[in-house]
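Enquirer: Contents of entry.cif (mmCIF, C-alpha atoms and all ligand atoms) are given next:
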data_entry
#
loop_
_atom_site.group_PDB
_atom_site.id
_atom_site.type_symbol
_atom_site.label_atom_id
_atom_site.label_comp_id
_atom_site.auth_asym_id
_atom_site.auth_seq_id
_atom_site.Cartn_x
_atom_site.Cartn_y
_atom_site.Cartn_z
ATOM 1 C CA MET A 188 -21.662 -8.534 -13.762
ATOM 2 C CA SER A 189 -23.762 -8.455 -10.642
ATOM 3 C CA PRO A 190 -27.347 -7.256 -10.949
ATOM 4 C CA SER A 191 -26.754 -4.921 -8.010
ATOM 5 C CA THR A 192 -24.418 -2.617 -9.853
ATOM 6 C CA VAL A 193 -23.692 -1.420 -13.327
ATOM 7 C CA LYS A 194 -20.823 0.597 -14.677
ATOM 8 C CA ARG A 195 -21.297 4.291 -14.544
ATOM 9 C CA THR A 196 -21.028 4.865 -18.295
ATOM 10 C CA VAL A 197 -23.802 2.367 -18.922
ATOM 11 C CA THR A 198 -25.902 3.984 -16.247
ATOM 12 C CA THR A 199 -25.550 7.388 -17.853
ATOM 13 C CA ALA A 200 -26.961 6.144 -21.159
ATOM 14 C CA LEU A 201 -29.870 4.454 -19.380
ATOM 15 C CA CYS A 202 -30.548 7.578 -17.338
ATOM 16 C CA ILE A 203 -30.963 9.696 -20.421
ATOM 17 C CA SER A 204 -33.728 7.503 -21.828
ATOM 18 C CA ALA A 205 -35.201 7.113 -18.364
ATOM 19 C CA ALA A 206 -35.193 10.873 -17.968
ATOM 20 C CA ILE A 207 -37.202 11.314 -21.158
ATOM 21 C CA ILE A 208 -39.794 8.771 -20.045
ATOM 22 C CA GLY A 209 -39.618 10.076 -16.492
ATOM 23 C CA TYR A 210 -40.239 13.652 -17.613
ATOM 24 C CA ALA A 211 -43.390 12.659 -19.475
ATOM 25 C CA THR A 212 -44.648 10.581 -16.564
ATOM 26 C CA ALA A 213 -43.874 13.268 -14.032
ATOM 27 C CA SER A 214 -45.714 15.928 -15.966
ATOM 28 C CA ILE A 215 -48.801 13.748 -16.093
ATOM 29 C CA ALA A 216 -48.723 12.406 -12.559
ATOM 30 C CA GLY A 217 -47.220 15.520 -11.010
ATOM 31 C CA GLU A 218 -44.813 13.329 -9.107
ATOM 32 C CA ASP A 219 -41.539 14.650 -7.833
ATOM 33 C CA ALA A 220 -39.319 11.559 -7.993
ATOM 34 C CA SER A 221 -36.326 12.049 -5.699
ATOM 35 C CA PRO A 222 -33.173 12.347 -7.803
ATOM 36 C CA SER A 223 -30.410 9.858 -7.254
ATOM 37 C CA ALA A 224 -27.734 11.116 -4.904
ATOM 38 C CA GLU A 225 -23.974 10.813 -4.957
ATOM 39 C CA HIS A 226 -22.244 9.701 -1.745
ATOM 40 C CA LYS A 227 -18.568 10.419 -1.194
ATOM 41 C CA VAL A 228 -16.143 8.125 0.575
ATOM 42 C CA ASP A 229 -12.530 9.159 1.148
ATOM 43 C CA ILE A 230 -9.684 6.669 1.083
ATOM 44 C CA ARG A 231 -6.833 7.849 3.267
ATOM 45 C CA ASP A 232 -4.116 5.958 5.122
ATOM 46 C CA PHE A 233 -5.580 2.617 4.013
ATOM 47 C CA LEU A 234 -9.007 3.374 5.496
ATOM 48 C CA TYR A 235 -12.419 4.041 3.941
ATOM 49 C CA ASN A 236 -13.960 7.090 5.545
ATOM 50 C CA PRO A 237 -16.765 6.733 6.415
ATOM 51 C CA ASP A 238 -16.413 2.956 6.465
ATOM 52 C CA SER A 239 -20.180 2.465 6.559
ATOM 53 C CA ILE A 240 -22.741 4.459 4.585
ATOM 54 C CA LYS A 241 -26.472 4.366 3.976
ATOM 55 C CA VAL A 242 -27.719 5.019 0.446
ATOM 56 C CA LYS A 243 -30.883 4.528 -1.592
ATOM 57 C CA VAL A 244 -31.316 2.265 -4.595
ATOM 58 C CA GLY A 245 -30.132 4.204 -7.646
ATOM 59 C CA ASP A 246 -27.619 6.291 -5.689
ATOM 60 C CA THR A 247 -23.967 6.416 -6.630
ATOM 61 C CA VAL A 248 -21.040 5.938 -4.279
ATOM 62 C CA THR A 249 -17.832 7.705 -5.274
ATOM 63 C CA TRP A 250 -14.481 6.911 -3.653
ATOM 64 C CA THR A 251 -11.628 9.435 -3.757
ATOM 65 C CA ASN A 252 -8.129 8.094 -3.120
ATOM 66 C CA HIS A 253 -5.746 10.326 -1.153
ATOM 67 C CA ASP A 254 -3.014 7.688 -0.793
ATOM 68 C CA ILE A 255 0.109 7.428 -2.936
ATOM 69 C CA VAL A 256 -0.698 3.809 -3.774
ATOM 70 C CA PRO A 257 -3.689 2.620 -5.841
ATOM 71 C CA HIS A 258 -6.713 1.133 -4.099
ATOM 72 C CA THR A 259 -10.028 -0.305 -5.224
ATOM 73 C CA ALA A 260 -13.521 -0.630 -3.767
ATOM 74 C CA THR A 261 -14.608 -4.137 -4.704
ATOM 75 C CA LEU A 262 -17.900 -5.700 -3.618
ATOM 76 C CA SER A 263 -17.067 -8.846 -1.693
ATOM 77 C CA ALA A 264 -20.062 -10.910 -2.815
ATOM 78 C CA SER A 265 -19.932 -10.206 -6.544
ATOM 79 C CA ASP A 266 -16.323 -9.107 -7.069
ATOM 80 C CA VAL A 267 -17.632 -6.086 -9.002
ATOM 81 C CA GLY A 268 -15.472 -3.078 -8.292
ATOM 82 C CA THR A 269 -14.202 0.330 -9.236
ATOM 83 C CA GLY A 270 -10.934 -0.934 -10.661
ATOM 84 C CA PRO A 271 -7.710 0.750 -9.561
ATOM 85 C CA ILE A 272 -8.160 4.275 -8.210
ATOM 86 C CA LEU A 273 -4.888 6.214 -8.369
ATOM 87 C CA LEU A 274 -3.812 9.095 -6.118
ATOM 88 C CA SER A 275 -6.273 12.034 -6.311
ATOM 89 C CA ASN A 276 -8.592 10.055 -8.585
ATOM 90 C CA GLU A 277 -12.151 8.823 -8.154
ATOM 91 C CA GLY A 278 -14.028 5.617 -8.829
ATOM 92 C CA SER A 279 -17.798 5.116 -8.668
ATOM 93 C CA LEU A 280 -20.399 2.403 -8.427
ATOM 94 C CA GLU A 281 -24.162 2.778 -8.748
ATOM 95 C CA MET A 282 -26.253 0.800 -6.272
ATOM 96 C CA GLN A 283 -29.035 -0.993 -8.104
ATOM 97 C CA ALA A 284 -30.587 -3.228 -5.483
ATOM 98 C CA SER A 285 -31.260 -3.026 -1.767
ATOM 99 C CA GLY A 286 -29.259 -4.944 0.774
ATOM 100 C CA THR A 287 -26.100 -4.745 2.805
ATOM 101 C CA LEU A 288 -22.986 -4.842 0.671
ATOM 102 C CA THR A 289 -19.553 -5.346 2.136
ATOM 103 C CA TYR A 290 -16.572 -4.291 0.097
ATOM 104 C CA HIS A 291 -12.799 -4.398 0.317
ATOM 105 C CA CYS A 292 -9.676 -3.289 -1.509
ATOM 106 C CA ARG A 293 -8.534 -5.879 -4.000
ATOM 107 C CA TYR A 294 -4.895 -5.021 -3.309
ATOM 108 C CA HIS A 295 -5.087 -4.594 0.483
ATOM 109 C CA PRO A 296 -7.577 -7.127 1.858
ATOM 110 C CA GLU A 297 -7.414 -5.633 5.349
ATOM 111 C CA MET A 298 -9.288 -2.583 4.001
ATOM 112 C CA GLN A 299 -13.018 -3.158 4.527
ATOM 113 C CA GLY A 300 -16.180 -1.078 4.137
ATOM 114 C CA GLU A 301 -19.950 -1.438 4.024
ATOM 115 C CA ILE A 302 -22.834 0.066 2.081
ATOM 116 C CA LEU A 303 -26.413 -0.247 3.346
ATOM 117 C CA VAL A 304 -28.674 0.144 0.300
ATOM 118 C CA GLU A 305 -32.296 0.899 1.201
ATOM 119 C CA MET B 1332 22.233 10.236 28.591
ATOM 120 C CA GLN B 1333 18.914 9.492 27.027
ATOM 121 C CA PHE B 1334 19.856 10.534 23.502
ATOM 122 C CA LYS B 1335 22.854 8.256 23.523
ATOM 123 C CA SER B 1336 20.841 5.221 24.559
ATOM 124 C CA LEU B 1337 18.349 6.006 21.810
ATOM 125 C CA VAL B 1338 21.154 6.056 19.263
ATOM 126 C CA LEU B 1339 22.469 2.804 20.680
ATOM 127 C CA ALA B 1340 19.047 1.203 20.448
ATOM 128 C CA LEU B 1341 18.767 2.368 16.857
ATOM 129 C CA SER B 1342 22.216 1.037 15.992
ATOM 130 C CA LEU B 1343 21.201 -2.291 17.445
ATOM 131 C CA SER B 1344 18.157 -2.479 15.225
ATOM 132 C CA ALA B 1345 20.337 -1.441 12.299
ATOM 133 C CA VAL B 1346 22.695 -4.266 13.171
ATOM 134 C CA THR B 1347 19.817 -6.696 13.016
ATOM 135 C CA LEU B 1348 18.784 -5.229 9.696
ATOM 136 C CA ALA B 1349 22.177 -4.754 8.125
ATOM 137 C CA SER B 1350 23.834 -7.708 9.842
ATOM 138 C CA THR B 1351 27.598 -8.125 9.897
ATOM 139 C CA ALA B 1352 28.566 -4.941 8.073
ATOM 140 C CA CYS B 1353 27.389 -2.928 11.074
ATOM 141 C CA ALA B 1354 28.594 -5.291 13.728
ATOM 142 C CA ILE B 1355 32.245 -4.982 12.769
ATOM 143 C CA THR B 1356 32.292 -1.196 12.476
ATOM 144 C CA PRO B 1357 33.956 0.739 15.320
ATOM 145 C CA ALA B 1358 31.978 2.700 17.892
ATOM 146 C CA SER B 1359 32.592 5.959 16.044
ATOM 147 C CA ALA B 1360 30.996 4.628 12.886
ATOM 148 C CA GLN B 1361 27.846 5.957 11.367
ATOM 149 C CA THR B 1362 24.505 4.877 12.676
ATOM 150 C CA PRO B 1363 21.194 5.293 10.839
ATOM 151 C CA ALA B 1364 20.562 8.326 13.045
ATOM 152 C CA ASP B 1365 23.631 10.045 11.566
ATOM 153 C CA LEU B 1366 22.384 9.894 7.976
ATOM 154 C CA ASN B 1367 21.373 13.114 6.272
ATOM 155 C CA ASP B 1368 18.107 13.533 4.336
ATOM 156 C CA LEU B 1369 19.660 12.572 0.998
ATOM 157 C CA GLU B 1370 21.266 9.456 2.441
ATOM 158 C CA ILE B 1371 17.979 8.533 4.106
ATOM 159 C CA ALA B 1372 16.234 8.991 0.753
ATOM 160 C CA HIS B 1373 18.810 6.644 -0.801
ATOM 161 C CA VAL B 1374 18.208 3.980 1.856
ATOM 162 C CA ALA B 1375 14.440 4.201 1.353
ATOM 163 C CA TYR B 1376 14.730 4.002 -2.410
ATOM 164 C CA THR B 1377 17.093 1.027 -2.054
ATOM 165 C CA ALA B 1378 14.783 -0.708 0.434
ATOM 166 C CA ASP B 1379 11.829 -0.204 -1.938
ATOM 167 C CA ASN B 1380 13.761 -1.690 -4.850
ATOM 168 C CA ILE B 1381 14.876 -4.673 -2.784
ATOM 169 C CA ASP B 1382 11.278 -5.531 -1.948
ATOM 170 C CA ILE B 1383 10.364 -5.144 -5.628
ATOM 171 C CA GLN B 1384 13.126 -7.654 -6.470
ATOM 172 C CA TYR B 1385 11.821 -10.135 -3.905
ATOM 173 C CA ALA B 1386 8.364 -9.738 -5.453
ATOM 174 C CA HIS B 1387 9.656 -10.418 -8.965
ATOM 175 C CA LEU B 1388 11.327 -13.553 -7.640
ATOM 176 C CA ALA B 1389 7.990 -14.610 -6.098
ATOM 177 C CA LEU B 1390 6.217 -14.069 -9.423
ATOM 178 C CA ALA B 1391 8.873 -16.182 -11.147
ATOM 179 C CA ILE B 1392 8.676 -19.073 -8.666
ATOM 180 C CA SER B 1393 5.374 -19.174 -6.772
ATOM 181 C CA GLU B 1394 2.164 -20.582 -8.185
ATOM 182 C CA THR B 1395 0.068 -19.725 -5.132
ATOM 183 C CA PRO B 1396 -2.527 -17.077 -6.087
ATOM 184 C CA GLU B 1397 -2.366 -15.253 -2.716
ATOM 185 C CA ILE B 1398 1.420 -15.065 -2.829
ATOM 186 C CA ARG B 1399 1.337 -13.809 -6.406
ATOM 187 C CA GLU B 1400 -1.279 -11.149 -5.595
ATOM 188 C CA PHE B 1401 0.703 -10.045 -2.568
ATOM 189 C CA ALA B 1402 3.850 -9.803 -4.709
ATOM 190 C CA MET B 1403 2.005 -7.755 -7.333
ATOM 191 C CA THR B 1404 0.786 -5.406 -4.591
ATOM 192 C CA MET B 1405 4.357 -5.011 -3.331
ATOM 193 C CA ILE B 1406 5.528 -4.074 -6.834
ATOM 194 C CA ARG B 1407 2.600 -1.699 -7.432
ATOM 195 C CA ASP B 1408 2.928 0.035 -4.050
ATOM 196 C CA HIS B 1409 6.709 0.285 -3.802
ATOM 197 C CA GLU B 1410 6.887 1.594 -7.363
ATOM 198 C CA ALA B 1411 4.262 4.224 -6.508
ATOM 199 C CA VAL B 1412 6.252 5.314 -3.442
ATOM 200 C CA ASN B 1413 9.486 5.441 -5.428
ATOM 201 C CA ALA B 1414 7.843 7.533 -8.146
ATOM 202 C CA GLN B 1415 6.732 10.047 -5.490
ATOM 203 C CA ALA B 1416 10.195 10.054 -3.934
ATOM 204 C CA LEU B 1417 11.888 10.699 -7.282
ATOM 205 C CA ALA B 1418 9.407 13.459 -8.104
ATOM 206 C CA LEU B 1419 10.098 15.132 -4.774
ATOM 207 C CA LEU B 1420 13.881 14.869 -5.155
ATOM 208 C CA GLU B 1421 13.601 16.353 -8.620
ATOM 209 C CA LYS B 1422 11.487 19.205 -7.294
ATOM 210 C CA LEU B 1423 14.075 19.826 -4.575
ATOM 211 C CA GLY B 1424 16.886 19.597 -7.152
ATOM 212 C CA ALA B 1425 18.569 16.913 -5.051
ATOM 213 C CA GLN B 1426 20.217 13.553 -5.698
ATOM 214 C CA PRO B 1427 20.017 10.642 -3.242
ATOM 215 C CA GLU B 1428 23.405 9.817 -1.680
ATOM 216 C CA ASP B 1429 24.780 6.288 -1.387
ATOM 217 C CA ASN B 1430 25.858 5.261 2.126
ATOM 218 C CA PHE B 1431 26.860 2.352 4.391
ATOM 219 C CA LEU B 1432 23.301 1.329 5.178
ATOM 220 C CA SER B 1433 22.150 1.148 1.543
ATOM 221 C CA GLN B 1434 25.196 -0.978 0.789
ATOM 222 C CA SER B 1435 24.601 -3.450 3.594
ATOM 223 C CA LEU B 1436 20.915 -3.714 2.659
ATOM 224 C CA ILE B 1437 21.915 -4.622 -0.895
ATOM 225 C CA ALA B 1438 24.526 -7.149 0.287
ATOM 226 C CA ASP B 1439 21.960 -8.837 2.544
ATOM 227 C CA SER B 1440 19.319 -8.916 -0.161
ATOM 228 C CA LYS B 1441 21.699 -10.617 -2.613
ATOM 229 C CA ASP B 1442 22.278 -13.437 -0.132
ATOM 230 C CA LEU B 1443 18.580 -13.786 0.435
ATOM 231 C CA ILE B 1444 17.728 -13.827 -3.256
ATOM 232 C CA ASP B 1445 20.361 -16.549 -3.770
ATOM 233 C CA GLU B 1446 18.837 -18.556 -0.947
ATOM 234 C CA MET B 1447 15.203 -18.121 -2.013
ATOM 235 C CA SER B 1448 15.997 -18.847 -5.673
ATOM 236 C CA GLN B 1449 16.810 -22.439 -4.668
ATOM 237 C CA LEU B 1450 13.396 -23.012 -3.082
ATOM 238 C CA ARG B 1451 10.239 -24.249 -4.770
ATOM 239 C CA GLY B 1452 6.571 -24.718 -3.942
ATOM 240 C CA ALA B 1453 5.412 -24.423 -0.341
ATOM 241 C CA GLU B 1454 8.985 -24.012 0.868
ATOM 242 C CA PHE B 1455 9.424 -20.919 -1.236
ATOM 243 C CA ASP B 1456 6.028 -19.462 -0.213
ATOM 244 C CA LYS B 1457 6.842 -19.897 3.457
ATOM 245 C CA ARG B 1458 10.293 -18.337 3.180
ATOM 246 C CA TYR B 1459 9.034 -15.450 1.044
ATOM 247 C CA ALA B 1460 6.102 -14.636 3.353
ATOM 248 C CA GLU B 1461 8.267 -14.863 6.469
ATOM 249 C CA ASN B 1462 10.922 -12.668 4.930
ATOM 250 C CA GLU B 1463 8.326 -10.095 3.877
ATOM 251 C CA LEU B 1464 7.141 -9.890 7.471
ATOM 252 C CA THR B 1465 10.670 -9.634 8.899
ATOM 253 C CA TYR B 1466 11.766 -7.175 6.231
ATOM 254 C CA HIS B 1467 8.799 -4.814 6.621
ATOM 255 C CA LYS B 1468 9.132 -4.954 10.415
ATOM 256 C CA ALA B 1469 12.820 -4.018 10.206
ATOM 257 C CA VAL B 1470 12.272 -1.257 7.656
ATOM 258 C CA ASN B 1471 9.313 0.148 9.612
ATOM 259 C CA ASP B 1472 11.402 0.216 12.765
ATOM 260 C CA LEU B 1473 14.136 2.069 10.920
ATOM 261 C CA VAL B 1474 11.763 4.534 9.226
ATOM 262 C CA GLY B 1475 9.631 5.203 12.306
ATOM 263 C CA ASN B 1476 12.279 5.358 14.999
ATOM 264 C CA SER B 1477 15.392 6.450 13.186
ATOM 265 C CA PHE B 1478 14.562 8.268 9.958
ATOM 266 C CA ILE B 1479 11.386 10.269 10.613
ATOM 267 C CA PRO B 1480 12.686 11.870 13.844
ATOM 268 C CA ASN B 1481 15.875 12.934 12.028
ATOM 269 C CA ILE B 1482 14.619 14.133 8.641
ATOM 270 C CA GLU B 1483 15.020 17.896 8.343
ATOM 271 C CA ASN B 1484 13.061 18.715 5.186
ATOM 272 C CA ALA B 1485 9.317 18.916 5.917
ATOM 273 C CA GLU B 1486 8.225 17.546 2.525
ATOM 274 C CA VAL B 1487 10.624 14.613 2.755
ATOM 275 C CA LYS B 1488 9.367 13.916 6.274
ATOM 276 C CA ALA B 1489 5.740 13.987 5.083
ATOM 277 C CA LEU B 1490 6.560 11.506 2.316
ATOM 278 C CA PHE B 1491 8.199 9.162 4.825
ATOM 279 C CA GLU B 1492 5.151 9.410 7.076
ATOM 280 C CA SER B 1493 2.928 8.361 4.153
ATOM 281 C CA GLY B 1494 5.412 5.625 3.335
ATOM 282 C CA LEU B 1495 5.340 4.317 6.897
ATOM 283 C CA THR B 1496 1.535 4.025 6.792
ATOM 284 C CA ILE B 1497 1.828 2.013 3.577
ATOM 285 C CA PHE B 1498 4.595 -0.266 4.864
ATOM 286 C CA LYS B 1499 2.739 -0.879 8.123
ATOM 287 C CA ALA B 1500 -0.224 -2.050 6.052
ATOM 288 C CA HIS B 1501 2.170 -4.320 4.149
ATOM 289 C CA GLU B 1502 3.475 -5.658 7.453
ATOM 290 C CA LYS B 1503 -0.085 -6.592 8.490
ATOM 291 C CA HIS B 1504 -0.712 -8.117 5.075
ATOM 292 C CA ALA B 1505 2.529 -10.116 5.371
ATOM 293 C CA GLU B 1506 1.392 -11.337 8.788
ATOM 294 C CA MET B 1507 -1.796 -12.650 7.137
ATOM 295 C CA MET B 1508 0.302 -14.345 4.449
ATOM 296 C CA VAL B 1509 2.537 -16.032 7.030
ATOM 297 C CA LYS B 1510 -0.532 -17.422 8.817
ATOM 298 C CA LYS B 1511 -1.927 -18.580 5.494
ATOM 299 C CA VAL B 1512 1.209 -20.447 4.349
ATOM 300 C CA ASN B 1513 1.528 -22.036 7.781
ATOM 301 C CA GLY B 1514 -1.998 -23.369 7.356
ATOM 302 C CA SER B 1515 -3.757 -21.475 10.143
HETATM 303 CU CU CU A 1601 -5.870 -0.710 -1.081
#
Can the structure from this file be put into structure tokens for me?
Expert:
Amino acid sequence: MSPSTVKRTVTTALCISAAIIGYATASIAGEDASPSAEHKVDIRDFLYNPDSIKVKVGDTVTWTNHDIVPHTATLSASDVGTGPILLSNEGSLEMQASGTLTYHCRYHPEMQGEILVE
Amino acid sequence: MQFKSLVLALSLSAVTLASTACAITPASAQTPADLNDLEIAHVAYTADNIDIQYAHLALAISETPEIREFAMTMIRDHEAVNAQALALLEKLGAQPEDNFLSQSLIADSKDLIDEMSQLRGAEFDKRYAENELTYHKAVNDLVGNSFIPNIENAEVKALFESGLTIFKAHEKHAEMMVKKVNGS
């Protein structure tokens, strides 16, 4: 698995312990750490919309498929992906490192998108 | 009259698609534009299944990863479209109706499967990819120019519009495959 992403279920478990530590730290330092955001991308008519998004490290990107056929969002460099996303379903990836990530659909290679992780 | 020349143009593309069966029929015979919604649904379902059969043949013969992945995508996508079509027909309480065009598509596909079954290796890959391009082009022409303008039921029309988007993507994908097997 690429260091830039982890599966969402794993992330959730890590977040819980991080939240406990984070809570203690925040109450001492008085910091207001910005919470991780979720970014939505629609898949419709074999296109990612928007096809380019800007996110921050720790944010999650969630793809919703509106097509009859299954698609994926698969990072081109690492081959890590959402797995098949069926009609009206979602798939997510958490962005764990900065950089520009290009991705494609494993089933329809002409489908391309980009995530700029800051 | 403009309508008549449109019908003629459509019959010509159907002749290309359905080959001899159409060519020998008299002028009064059916054209794709004469089919009703349930006959159109039957043609689409038949065309989907034919491409699924070609894909199964590819999985049985080809050892080229790109060809195999393409074939798996054809099976996955055409099965998904067929499942939607069946669900819609069930909702509408309708049965698809067999017709001349479905029959000539099946006859043509049998010949092609016989021919492709004899091929191996790069020869098979080339023939399969080229046929996928030709086949999707012909079906897209039929769906876009003949079926969609004539479908009466709005839900059936919407499904065909989604289908056309999918098959156009397949056509592009097949174009990529043809370039690949021809080494460019
Ligand atoms: Cu796709």
Enquirer: CA of Ala1505 (chain B) and CA of His1409 (chain B) are how many Å apart?
Expert: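 Result for CA of Ala1505 (chain B) versus CA of His1409 (chain B): 14.5 Å, one decimal.
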Enquirer: Just give me the gap between CA of Ala224 (chain A) and CA of Thr247 (chain A) in Å, one decimal is fine.
Expert: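 One can read the CA of Ala224 (chain A) to CA of Thr247 (chain A) distance as 6.3 Å.
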Enquirer: Could you tell me which residues the PyMOL selection byres ((chain B) within 10 of (chain A and not hetatm)) grabs in this file, written as a VMD selection string?
Expert: chain B and resid 1400 to 1401 1403 to 1405 1407 to 1415 1490 1493 to 1497 1499 to 1501 1503 to 1504 1507
Enquirer: Work out how far apart CA of Glu1421 (chain B) and CA of Asp1368 (chain B) are and give it in Å to one decimal.
Expert: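 So the two atoms, CA of Glu1421 (chain B) and CA of Asp1368 (chain B), lie 14.0 Å apart.
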Enquirer: Please provide as a VMD selection string all residues within 9 Å of Gln1426 (chain B), with the sequence filter that same-chain residues fewer than 3 positions apart are discarded (counting only C-alpha atoms).
Expert: chain B and resid 1369 1372 to 1373 1417 1420 to 1421 1423
Enquirer: Between A:Thr259, A:His253, A:Lys241, A:Glu301, which is the closest to ligand CU 1601 (chain A) once you count only C-alpha atoms and all ligand atoms?
Expert: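 Closest to ligand CU 1601 (chain A) of all the choices is A:Thr259.
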Enquirer: Could you spell out the hits of the PyMOL selection byres (((chain A and resi 277) around 10) and not hetatm) on the shown file, as JSON, numbers by chain?
Expert: {"A": [227, 228, 229, 230, 249, 250, 251, 252, 253, 259, 269, 271, 272, 273, 274, 275, 276, 278, 279]}
Enquirer: Neighbours of region 1457-1471 of chain B within 7 Å (all atoms listed in the file; same-chain residues fewer than 5 positions away dropped), as a PDB file with C-alpha atoms, keeping the file's coordinate frame?
Expert:
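So the final result, stored in out-v3.pdb, reads:
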ATOM      1  CA  LEU B1348      18.784  -5.229   9.696  1.00  0.00           C
ATOM      2  CA  LEU B1495       5.340   4.317   6.897  1.00  0.00           C
ATOM      3  CA  PHE B1498       4.595  -0.266   4.864  1.00  0.00           C
ATOM      4  CA  LYS B1499       2.739  -0.879   8.123  1.00  0.00           C
ATOM      5  CA  GLU B1502       3.475  -5.658   7.453  1.00  0.00           C
ATOM      6  CA  ALA B1505       2.529 -10.116   5.371  1.00  0.00           C
ATOM      7  CA  GLU B1506       1.392 -11.337   8.788  1.00  0.00           C
ATOM      8  CA  MET B1508       0.302 -14.345   4.449  1.00  0.00           C
ATOM      9  CA  VAL B1509       2.537 -16.032   7.030  1.00  0.00           C
ATOM     10  CA  VAL B1512       1.209 -20.447   4.349  1.00  0.00           C
TER      11      VAL B1512
END
Enquirer: Quick one: of A:Val267, A:Ala260, A:Gln283, A:His226, who's nearest to Val242 (chain A), counting all atoms listed in the file?
Expert: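 Between A:Val267, A:Ala260, A:Gln283, A:His226, the residue approaching Val242 (chain A) most closely is A:His226.
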Enquirer: May I have the residues within 10 Å of Ala1402 (chain B) as a list in words, using all atoms listed in the file and disregarding those fewer than 3 positions away in the same chain?
Expert: Asp1382, Ile1383, Gln1384, Tyr1385, Ala1386, His1387, Leu1388, Ala1389, Leu1390, Ser1393, Pro1396, Glu1397, Ile1398, Arg1399, Met1405, Ile1406, Arg1407, Asp1408, Tyr1459, Ala1460 and Glu1463 of chain B
Enquirer: When the PyMOL selection byres (((chain A and resi 289) around 8) and not hetatm) is applied to the structure above, which residues does it catch, written out as a PDB file with C-alpha atoms, in the frame of the given file?
Expert:
ATOM      1  CA  LEU A 262     -17.900  -5.700  -3.618  1.00  0.00           C
ATOM      2  CA  SER A 263     -17.067  -8.846  -1.693  1.00  0.00           C
ATOM      3  CA  ALA A 264     -20.062 -10.910  -2.815  1.00  0.00           C
ATOM      4  CA  THR A 287     -26.100  -4.745   2.805  1.00  0.00           C
ATOM      5  CA  LEU A 288     -22.986  -4.842   0.671  1.00  0.00           C
ATOM      6  CA  TYR A 290     -16.572  -4.291   0.097  1.00  0.00           C
ATOM      7  CA  HIS A 291     -12.799  -4.398   0.317  1.00  0.00           C
ATOM      8  CA  GLN A 299     -13.018  -3.158   4.527  1.00  0.00           C
ATOM      9  CA  GLY A 300     -16.180  -1.078   4.137  1.00  0.00           C
ATOM     10  CA  GLU A 301     -19.950  -1.438   4.024  1.00  0.00           C
ATOM     11  CA  ILE A 302     -22.834   0.066   2.081  1.00  0.00           C
TER      12      ILE A 302
END
Enquirer: Which is closest to Ile240 (chain A) among A:Met282, A:Pro222, A:Asp266, A:Cys292, if we use all atoms listed in the file?
Expert: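 Under the stated criterion, the closest residue is A:Met282.
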